[in-house]
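In what follows, a single structure is set out as structure tokens and then discussed.
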Amino acid sequence: MQKILILLFILNASFLFSQENDSILSLEEYLGYVKKYHPIVKQARLITTNSEAKLLKSRGAFDPKIQVDYDRKKFKETEYYDILNTSFKIPTWYGVEFKANYENNSGVFLNPEYNVPEDGLYSAGISLSLAKGLLTNKRMATLKQAKLYTTQAQAKQKLVINDILYDAIIIYFNWLKNYKAKLVYQDFLENANTRLQNVKSSFNAGDKPAVDTLEASINYKTRMLDLEKSNIGYIKATLELSNYLWLENNLPIELKTNIKPDIYTFGSIDNVLNNSILNSKDVNLENHPKIVELKAKQEILKVDKRLKTNNLLPKIDLEYNFLTPDYDQLNSLNTANYKSGLNISFPLFLRKERGELKLAKIKLQNTKFDISATEVNLKNKIESKLREIESYDIQNTILENLVLDYKKLVQTEERKFILGEGSIFLVNYREVKLIESQLKAIDTEYQLFSSKTGLVQVLGDL
């Protein structure tokens with residue numbers, strides 16, 4: 001089976017990444033793989049599954065229950081007692097429980113209180129709490145909290161996926177940044193090689209001094225070194241990107257060398273990241289996953305506080321059952337035949353209950369502080385990201401114009417050198433400045449991409 005899976009993986013990977021038409025891996029396609037197959041994304045989905053299982057468990061406290069108690073003692077051919085007690089209970093939302101019961105007891109040494117008619121005794125009744133446990137109780141609180149835990153889990157899941165997608169996008173931008181830097185060095189290596197050959201030809205023709213060939217050769221070797229360094233950076237970025245690419249059955253993908261990032265990502269990033277969010281001026285934090293999570297926590301603590309408050313009341317449990325030997329005759333149920341009970345208890349100092357209530361109030365107050373602090377923190381982060389985007393957008397425009405100016409300057413210096421009016425030193429110097437400006441432009445573009453992604457991450461909408 002393992003060999004078949006490996007073969008399928010190779011064929012699938014070959015189909016996806018070896019065709020010439022599929023040699024460009026766009027950001028949108030890449031995110032599609034991350035969302036669908038990444039193990040941490042799959043793991044995040046288990047958060048809500050776990051909370052749903054807890055909700056099902058808490059609902060079990062309200063399940064009807066059948067109970068059978070049977071005791072028998074026989075010694076030296078004497079039946080001491082034979083006691084059968086069966087019951088069917090239906091718990092309800094408030095502290096009320098309906099109960100039906102059947103008893104059939106016999107024996108020589110049977111306790112007189114267990115004496116019943118020959119065909120047994122039927123009973124139907126109700127038990128309820130009149131103070132503590134009437135308006136709220138442990139079962140009710142647990143179920144309410146379980147429902148709120150589901151809401152909280154959904155928000156947590158969104159935050160986890162939001163973070164993993166942010167990391168994945170930043171890794172893609174880093175891959176794109178290193179690829180563009182590599183292209184820059186490749187272009188200038190070709191320029192340096194062409195210039196070296198031209199200078200050598202001019203030297204052989206007697207038009208250029210020998211020192212020009214030396215400087216052109218040094219420049220060429222420098223460009224070779226720069227390209228090799230950028231190649232290492234690109235390889236490392238590619239391997240980092242591979243950490244986020246998976247197929248079904250948790251099979252990781254290793255990118256082939258012919259797979260390249262989309263160099264036109266700049267024009268599509270707003271659509272990928274949701275253009276309406278990036279251009280929105282009014283930010284509503286009510287539906288932010290972190291705020292939703294904290295407010296769900298606050299509601300959970302409110303339920304706990306109500307339960308702790310209810311525990312200050314005395315415990316008064318009342319039970320009343322109608323008795324009849326004939327289960328099929330409802331008119332036989334009357335107040336003359338009954339079994340009832342009353343249980344009252346109340347701690348004198350309530351130190352435990354008052355302490356638990358105080359702790360619940362402290363936890364609730366802490367959560368309120370968390371919500372207020374988180375809202376301010378999110379607003380400031382959003383404002384910071386908006387200012388970053390605005391600044392990097394301006395810087396990017398300036399650097400684009402700067403690159404164009406440096407290109408013109410290098411071209412002018414090259415023409416002067418060809419005509420014998422300039423020097424190769426000046427050409428190399430201008431070219432170094434052009435390379436620096438292009439790399440700055442690439443880095444600023446990366447920062448702009450990262451800021452836009454960071455804004456959507458802070459908004460919790462990745």
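Within each chain, counting starts at residue 1; across the structure tokens, chains are named A, B, ... in the order shown, with ligands numbered 1 upward in that order.
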
Once DSSP has gone over the backbone, tell me which residues of segment 69-314 of chain A are in strand (DSSP E or B), as a PyMOL selection string.
chain A and resi 69-75+78-91+96-106+121-129+246-247+251-252+260-261

From A:Leu110, A:Val403, A:Leu159, A:Val184, residue lying nearest Leu462 of chain A [only C-alpha atoms]:
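Result for the nearest residue to Leu462 of chain A: A:Leu159.
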
From the options A:Gln298, A:Asn162, A:Ser451, A:Ser340, which residue's atoms come nearest to Leu323 of chain A, counting only C-alpha atoms?
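The shortest atom-to-atom distance to Leu323 of chain A comes from A:Ser340.
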
Best match for closeness to Leu255 of chain A among A:Lys407, A:Glu293, A:Leu307, A:Lys236, counting only C-alpha atoms
A:Lys236

Counting only C-alpha atoms, which of A:Lys158, A:Val292, A:Leu245, A:Phe173 gets nearest to Asp461 of chain A?
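For Asp461 of chain A, the nearest of the given residues is A:Lys158.
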
Distance query Asn50 of chain A at most 12 Å, only C-alpha atoms, self and fewer than 2 positions along chain excluded, as a list in words
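So the residues in contact are Gln43, Ala44, Arg45, Leu46, Ile47, Thr48, Glu52, Ala53, Lys54, Leu55, Leu56, Lys57, Ala146, Tyr149, Thr150, Thr151, Gln152, Ala153, Gln154 and Gln157 of chain A.
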
Quick check, in Å to one decimal: how far apart do atom CA of Asn377 of chain A and atom CA of Ile300 of chain A lie?
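Here the two named atoms are 23.2 Å from each other.
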
Looking only at helix (DSSP H, G or I) from DSSP on the backbone, list the matching residues of segment 210-418 of chain A as a VMD selection string.
chain A and resid 210 to 242 248 to 250 265 to 272 275 to 278 289 to 310 330 to 332 351 to 418

Using only C-alpha atoms, please write the residues we just selected to a file, as a compact mmCIF listing (two decimals), in the first residue's frame.
```txt
# COMPACT_ATOMS: atom_id res chain seq x y z
CA ALA A 210 44.99 46.95 -19.62
CA VAL A 211 43.69 48.26 -16.29
CA ASP A 212 40.18 48.50 -17.82
CA THR A 213 40.22 44.78 -18.56
CA LEU A 214 41.29 44.11 -14.96
CA GLU A 215 38.49 46.27 -13.56
CA ALA A 216 35.94 44.68 -15.91
CA SER A 217 37.15 41.24 -14.82
CA ILE A 218 36.86 42.17 -11.12
CA ASN A 219 33.37 43.50 -11.73
CA TYR A 220 32.40 40.26 -13.50
CA LYS A 221 33.71 38.10 -10.64
CA THR A 222 31.90 40.31 -8.12
CA ARG A 223 28.65 39.78 -9.99
CA MET A 224 29.29 36.02 -10.03
CA LEU A 225 29.74 36.10 -6.25
CA ASP A 226 26.58 38.17 -5.77
CA LEU A 227 24.59 35.77 -7.93
CA GLU A 228 25.85 32.77 -5.99
CA LYS A 229 24.86 34.39 -2.70
CA SER A 230 21.41 35.24 -4.03
CA ASN A 231 21.05 31.68 -5.32
CA ILE A 232 21.64 30.31 -1.83
CA GLY A 233 19.01 32.69 -0.46
CA TYR A 234 16.56 31.56 -3.14
CA ILE A 235 17.19 27.86 -2.41
CA LYS A 236 16.60 28.41 1.31
CA ALA A 237 13.39 30.37 0.59
CA THR A 238 12.20 27.56 -1.72
CA LEU A 239 12.77 24.94 0.97
CA GLU A 240 10.91 27.08 3.52
CA LEU A 241 8.01 27.35 1.08
CA SER A 242 7.97 23.56 0.67
CA GLU A 248 -3.64 14.26 0.54
CA ASN A 249 -2.66 11.63 3.13
CA ASN A 250 -0.19 14.14 4.61
CA THR A 265 1.94 39.21 -7.78
CA PHE A 266 1.97 42.98 -7.17
CA GLY A 267 -1.02 43.41 -9.48
CA SER A 268 -3.12 40.62 -7.93
CA ILE A 269 -2.33 40.78 -4.22
CA ASP A 270 -5.25 43.06 -3.31
CA ASN A 271 -7.74 40.65 -4.87
CA VAL A 272 -6.14 37.65 -3.17
CA ASN A 275 -9.65 44.18 -1.80
CA SER A 276 -12.74 45.41 0.09
CA ILE A 277 -11.05 44.84 3.46
CA LEU A 278 -7.82 46.60 2.45
CA PRO A 289 -12.32 36.30 16.17
CA LYS A 290 -10.30 37.41 19.21
CA ILE A 291 -13.13 39.61 20.48
CA VAL A 292 -15.67 36.86 19.79
CA GLU A 293 -13.49 34.41 21.71
CA LEU A 294 -13.13 36.74 24.71
CA LYS A 295 -16.84 37.59 24.77
CA ALA A 296 -17.70 33.90 24.67
CA LYS A 297 -15.33 33.42 27.61
CA GLN A 298 -17.08 36.31 29.38
CA GLU A 299 -20.49 34.67 28.88
CA ILE A 300 -19.10 31.35 30.18
CA LEU A 301 -17.90 33.12 33.32
CA LYS A 302 -21.29 34.84 33.71
CA VAL A 303 -22.96 31.42 33.72
CA ASP A 304 -20.46 30.26 36.32
CA LYS A 305 -21.12 33.38 38.43
CA ARG A 306 -24.89 32.77 38.33
CA LEU A 307 -24.31 29.19 39.45
CA LYS A 308 -22.06 30.32 42.32
CA THR A 309 -24.66 32.93 43.34
CA ASN A 310 -27.36 30.25 43.34
CA LEU A 330 -55.13 6.16 36.14
CA ASN A 331 -58.17 6.91 38.31
CA SER A 332 -56.57 4.86 41.05
CA ARG A 351 -17.52 30.47 53.52
CA LYS A 352 -16.88 28.03 50.66
CA GLU A 353 -19.79 29.37 48.59
CA ARG A 354 -18.90 33.03 49.22
CA GLY A 355 -15.25 32.34 48.33
CA GLU A 356 -16.21 30.62 45.06
CA LEU A 357 -18.52 33.51 44.15
CA LYS A 358 -15.77 36.05 44.84
CA LEU A 359 -13.33 34.12 42.62
CA ALA A 360 -15.94 33.95 39.84
CA LYS A 361 -16.42 37.73 40.03
CA ILE A 362 -12.64 38.30 39.85
CA LYS A 363 -12.34 36.07 36.77
CA LEU A 364 -15.22 37.92 35.12
CA GLN A 365 -13.62 41.29 35.88
CA ASN A 366 -10.28 40.11 34.45
CA THR A 367 -12.00 39.09 31.22
CA LYS A 368 -13.65 42.51 30.94
CA PHE A 369 -10.21 44.11 31.25
CA ASP A 370 -8.88 41.70 28.58
CA ILE A 371 -11.65 42.70 26.17
CA SER A 372 -11.03 46.42 26.67
CA ALA A 373 -7.24 46.03 26.30
CA THR A 374 -7.60 43.79 23.24
CA GLU A 375 -9.94 46.22 21.48
CA VAL A 376 -7.51 49.12 22.00
CA ASN A 377 -4.55 46.95 20.97
CA LEU A 378 -6.29 45.82 17.78
CA LYS A 379 -7.31 49.37 16.87
CA ASN A 380 -3.72 50.60 17.31
CA LYS A 381 -2.33 47.67 15.30
CA ILE A 382 -4.80 48.35 12.49
CA GLU A 383 -3.88 52.04 12.48
CA SER A 384 -0.17 51.14 12.46
CA LYS A 385 -0.62 48.76 9.51
CA LEU A 386 -2.61 51.36 7.57
CA ARG A 387 0.20 53.90 8.09
CA GLU A 388 2.78 51.29 7.07
CA ILE A 389 0.91 50.50 3.86
CA GLU A 390 0.60 54.18 3.04
CA SER A 391 4.32 54.79 3.66
CA TYR A 392 5.54 51.71 1.76
CA ASP A 393 3.24 52.60 -1.13
CA ILE A 394 4.88 56.03 -1.37
CA GLN A 395 8.38 54.52 -1.00
CA ASN A 396 7.61 51.98 -3.69
CA THR A 397 6.59 54.72 -6.16
CA ILE A 398 9.72 56.76 -5.36
CA LEU A 399 11.99 53.74 -5.80
CA GLU A 400 10.37 52.81 -9.12
CA ASN A 401 11.20 56.31 -10.43
CA LEU A 402 14.66 56.09 -8.86
CA VAL A 403 15.38 52.82 -10.65
CA LEU A 404 14.35 54.37 -13.98
CA ASP A 405 16.66 57.36 -13.34
CA TYR A 406 19.60 55.13 -12.43
CA LYS A 407 19.02 53.04 -15.57
CA LYS A 408 19.22 56.19 -17.69
CA LEU A 409 22.36 57.24 -15.82
CA VAL A 410 24.04 53.87 -16.41
CA GLN A 411 23.08 53.91 -20.10
CA THR A 412 24.47 57.42 -20.46
CA GLU A 413 27.72 56.45 -18.71
CA GLU A 414 28.06 53.36 -20.93
CA ARG A 415 27.65 55.45 -24.09
CA LYS A 416 30.31 57.89 -22.84
CA PHE A 417 32.63 54.97 -22.09
CA ILE A 418 32.12 53.49 -25.56
```

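With atom CA of Lys89 of chain A on one side and atom CA of Pro64 of chain A on the other, the separation reads 5.6 Å.
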
Skip Val34 of chain A itself and residues of its chain fewer than 6 positions away, then list as a PyMOL selection string all residues within 8 Å of it, counting only C-alpha atoms.
chain A and resi 41+165+168+244-246

With N, CA, C and O atoms retained, write the just-selected residues as a PDB file, in the first residue's frame.
```pdb
ATOM      1  N   VAL A  41      -3.601  23.247   9.517  1.00  0.00           N
ATOM      2  CA  VAL A  41      -4.962  23.693   9.176  1.00  0.00           C
ATOM      3  C   VAL A  41      -5.956  22.582   9.504  1.00  0.00           C
ATOM      4  O   VAL A  41      -7.032  22.827  10.058  1.00  0.00           O
ATOM      5  N   LEU A 165      -1.952  30.913   7.825  1.00  0.00           N
ATOM      6  CA  LEU A 165      -2.022  31.490   6.482  1.00  0.00           C
ATOM      7  C   LEU A 165      -1.127  32.728   6.373  1.00  0.00           C
ATOM      8  O   LEU A 165      -0.500  32.956   5.338  1.00  0.00           O
ATOM      9  N   ALA A 168       2.340  31.487   5.975  1.00  0.00           N
ATOM     10  CA  ALA A 168       2.495  30.913   4.637  1.00  0.00           C
ATOM     11  C   ALA A 168       2.651  32.009   3.574  1.00  0.00           C
ATOM     12  O   ALA A 168       3.483  31.902   2.666  1.00  0.00           O
ATOM     13  N   TYR A 244       5.080  24.303   3.533  1.00  0.00           N
ATOM     14  CA  TYR A 244       3.646  24.617   3.548  1.00  0.00           C
ATOM     15  C   TYR A 244       2.890  23.923   2.420  1.00  0.00           C
ATOM     16  O   TYR A 244       1.682  24.116   2.295  1.00  0.00           O
ATOM     17  N   LEU A 245       3.580  23.125   1.620  1.00  0.00           N
ATOM     18  CA  LEU A 245       2.929  22.463   0.483  1.00  0.00           C
ATOM     19  C   LEU A 245       2.782  20.968   0.759  1.00  0.00           C
ATOM     20  O   LEU A 245       3.769  20.259   0.957  1.00  0.00           O
ATOM     21  N   TRP A 246       1.526  20.530   0.773  1.00  0.00           N
ATOM     22  CA  TRP A 246       1.217  19.130   1.059  1.00  0.00           C
ATOM     23  C   TRP A 246       0.149  18.641   0.096  1.00  0.00           C
ATOM     24  O   TRP A 246      -0.551  19.433  -0.530  1.00  0.00           O
TER      25      TRP A 246
END
```
